[in-house]
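Visitor: One structure coming up, written as structure tokens, with questions to follow.
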Amino acid sequence: MSEFDYKRRRPGRGEPFTAAPTRAVPPSQQRQQEVRLFGLNACVAMFNARPEDLRKVYLTEQRISTMKAVLAWCVKQRIGYRLVADVDLAKLTGSQHHEGVCFETRRRPLLSLAELLADQPPAPAASLLIVFDGVGNPHNFGAVLRSAANFGAGGVILTADAGLSLSGAAYRVAEGGAEAVPLAKPQFGENLVAMLREAGYGVAATVPTGGESVYAKPLPARLAIVFGAEGSGMSDALIAASDRRLTIPGTGHVESLNIAASAAVLLAEHWRLTRG
């Protein structure tokens, strides 16, 4: 194993960012503020979007040429990087699908719901938001983020009690889409549906059966689509509060599509109606 570790220092005047925190952060809190992401497209997208959040780089020798710009940044900013073997990278990431690179980075902060809504185009302009209620699978999370980035969704909203966060696996599956889609979370006590309606959004709950076909009538230009966890589904209260209940029709040979596939269908249909 070859190692090239540089101690981070506070940059002098004129340097582009401060790598070290202004005050000491307890190790446990620092771990919560950081995430270890992996996968080539995920890492490249993160570096292109917010290089100042990079904390450490692990890569295989085969990735050196691909990561030249990243390594040059590491040298300039005194950020540690380390050459590791495939087996070591698999242990670091907990995955065989690391694609030869892993970044330790600061987490992207969650927006408040009010901040996310303020960043959307004003009504009546088309805008699509995604709401996760109880979704916990990181691979589904990443796959939805990939579709959301492709179809221009304005953001993903996690319900106030959600424990879901962007993990390394979610970043990898998103293939760079995680950097393109803002994440938000309402505060406890805020009425999610009321705030969406006030901003001009219709709210549609996705249900496996019993809802109206997504193709029965056009989707509204400003729409928030709610997805629940596979198996347990979304809360009855959120279903009841929604304006519409949408079902994707099919042969009936399977009960329903998974969340990732359902999101791709619905986002593509909204794109077709509003921008196609």
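Identifiers in this document derive from the order of the structure tokens: chains are assigned A, B, ..., residues are numbered from 1 separately in each chain, and ligands are numbered from 1 in order of occurrence.
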Which polymer residues have any atom within 10 Å of an atom of Val70 (chain A), counting only C-alpha atoms, with same-chain residues fewer than 2 positions away left out, as JSON, numbers by chain?
Guide: {"A": [43, 44, 47, 48, 51, 54, 57, 64, 66, 67, 68, 72, 73, 74, 75, 76, 81]}
Visitor: Taking 3 positions as the minimum chain separation for residues in the same chain, which residues sit within 12 Å of Asn150 (chain A) when counting only C-alpha atoms? Answer as a short mmCIF file (atom, residue, chain, number, x, y, z; two decimals) with C-alpha atoms, in the first residue's frame.
Guide:
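Written out: part-v9.cif:
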```cif
data_model
loop_
_atom_site.label_atom_id
_atom_site.label_comp_id
_atom_site.auth_asym_id
_atom_site.auth_seq_id
_atom_site.Cartn_x
_atom_site.Cartn_y
_atom_site.Cartn_z
CA ALA A 143 -32.11 5.23 -8.05
CA VAL A 144 -34.84 7.82 -7.50
CA LEU A 145 -32.23 10.59 -7.25
CA ARG A 146 -30.78 9.45 -10.58
CA SER A 147 -34.22 9.68 -12.24
CA ALA A 153 -37.12 17.36 -10.38
CA GLY A 154 -36.80 20.37 -8.12
CA ALA A 174 -27.46 7.80 -8.07
CA GLU A 175 -24.47 7.94 -10.48
CA GLY A 176 -23.90 11.65 -9.82
CA GLY A 177 -27.59 12.56 -9.53
CA ALA A 178 -27.31 13.13 -5.78
CA GLU A 179 -25.40 16.36 -6.40
CA ALA A 180 -28.06 17.73 -8.77
CA VAL A 181 -31.15 17.29 -6.58
CA ALA A 263 -40.55 7.10 -9.88
CA ALA A 264 -38.96 6.75 -13.32
CA LEU A 267 -41.20 11.54 -13.64
CA ALA A 268 -40.98 10.66 -17.32
CA TRP A 271 -41.60 15.56 -18.26
#
```
Visitor: Could you tell me how far CA of Ile225 (chain A) lies from CA of Arg50 (chain A), in Å and to one decimal?
Guide: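 Interatomic distance here is 28.4 Å.
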Visitor: What is the distance between CA of Glu99 (chain A) and CA of Ile157 (chain A), in Å to one decimal?
Guide: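 Going from CA of Glu99 (chain A) over to CA of Ile157 (chain A) covers 29.2 Å.
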Visitor: Extract, using only C-alpha atoms, all DNA, RNA and protein residues at most 10 Å from region 241-256 of chain A, discarding same-chain residues fewer than 2 positions from it, and format them as a VMD selection string.
Guide: chain A and resid 192 to 194 197 201 to 216 219 224 to 226 230 236 to 239 258 to 259 261 to 262 265 to 266
Visitor: What is the CA of Arg82 (chain A)-CA of Arg107 (chain A) distance in Å, reported with one decimal?
Guide: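 Taking CA of Arg82 (chain A) as the start and CA of Arg107 (chain A) as the end point, the length is 20.8 Å.
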Visitor: Counting only C-alpha atoms, which of A:Val173, A:Gly163, A:Gly155, A:Arg222 gets nearest to Glu115 (chain A)?
Guide: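 Smallest separation from Glu115 (chain A) among the options: A:Gly155.
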Visitor: Let's see if you can do this: from backbone DSSP, list all alpha helix (DSSP H) residues in region 3-192 of chain A, as a PyMOL selection string.
Guide: chain A and resi 27-33+40-49+68-77+86-93+113-118+138-150+168-174+192
Visitor: Extract, using only C-alpha atoms, all DNA, RNA and protein residues at most 12 Å from Thr105 (chain A), discarding same-chain residues fewer than 3 positions from it, and format them as an MDAnalysis selection string.
Guide: chainID A and resid 19 30:38 42:43 46:47 50:58 79:80 102 108:109 166:168 171
Visitor: Could those residues be written to a file, using C-alpha atoms, as a tab-separated table (two decimals), in the first residue's frame?
Guide:
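The resulting file, result.tsv, is reproduced below:
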```tsv
chain	number	residue	atom	x	y	z
A	19	ALA	CA	-10.38	23.23	4.98
A	30	GLN	CA	-17.52	14.92	12.93
A	31	ARG	CA	-18.44	11.39	11.77
A	32	GLN	CA	-22.08	12.43	11.61
A	33	GLN	CA	-21.16	15.44	9.49
A	34	GLU	CA	-19.18	13.36	7.01
A	35	VAL	CA	-20.02	10.55	4.61
A	36	ARG	CA	-17.85	8.07	2.74
A	37	LEU	CA	-19.09	7.98	-0.85
A	38	PHE	CA	-17.82	5.78	-3.65
A	42	ALA	CA	-20.64	9.82	-7.79
A	43	CYS	CA	-17.16	10.96	-6.78
A	46	MET	CA	-19.22	15.55	-5.96
A	47	PHE	CA	-15.80	17.01	-6.79
A	50	ARG	CA	-18.31	21.12	-4.17
A	51	PRO	CA	-14.59	20.37	-4.01
A	52	GLU	CA	-14.28	22.38	-0.79
A	53	ASP	CA	-16.18	19.60	1.02
A	54	LEU	CA	-13.61	16.94	0.16
A	55	ARG	CA	-11.81	15.58	3.21
A	56	LYS	CA	-9.86	12.51	2.04
A	57	VAL	CA	-9.45	10.36	-1.06
A	58	TYR	CA	-8.82	6.63	-1.38
A	79	ILE	CA	-5.87	17.04	1.65
A	80	GLY	CA	-4.84	13.46	2.30
A	102	CYS	CA	-13.80	6.50	-2.40
A	108	ARG	CA	-24.64	18.26	2.09
A	109	PRO	CA	-26.87	20.12	4.54
A	166	LEU	CA	-27.56	9.93	1.84
A	167	SER	CA	-25.27	6.95	2.33
A	168	GLY	CA	-22.35	5.87	0.19
A	171	TYR	CA	-24.54	8.10	-3.84
```
Visitor: Of the candidates A:Gly152, A:Pro218, A:Gly228, A:Gly189, which one gets nearest to Leu128 (chain A) if we count only C-alpha atoms?
Guide: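 Checking each candidate against Leu128 (chain A), we get A:Gly152 as the closest.
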Visitor: Name the residues in contact with His98 (chain A) at a cut-off of 10 Å, using only C-alpha atoms, excluding same-chain residues fewer than 4 positions from it; report them as a PyMOL selection string.
Guide: chain A and resi 37-40+59+86+89-94+102+168-169+172
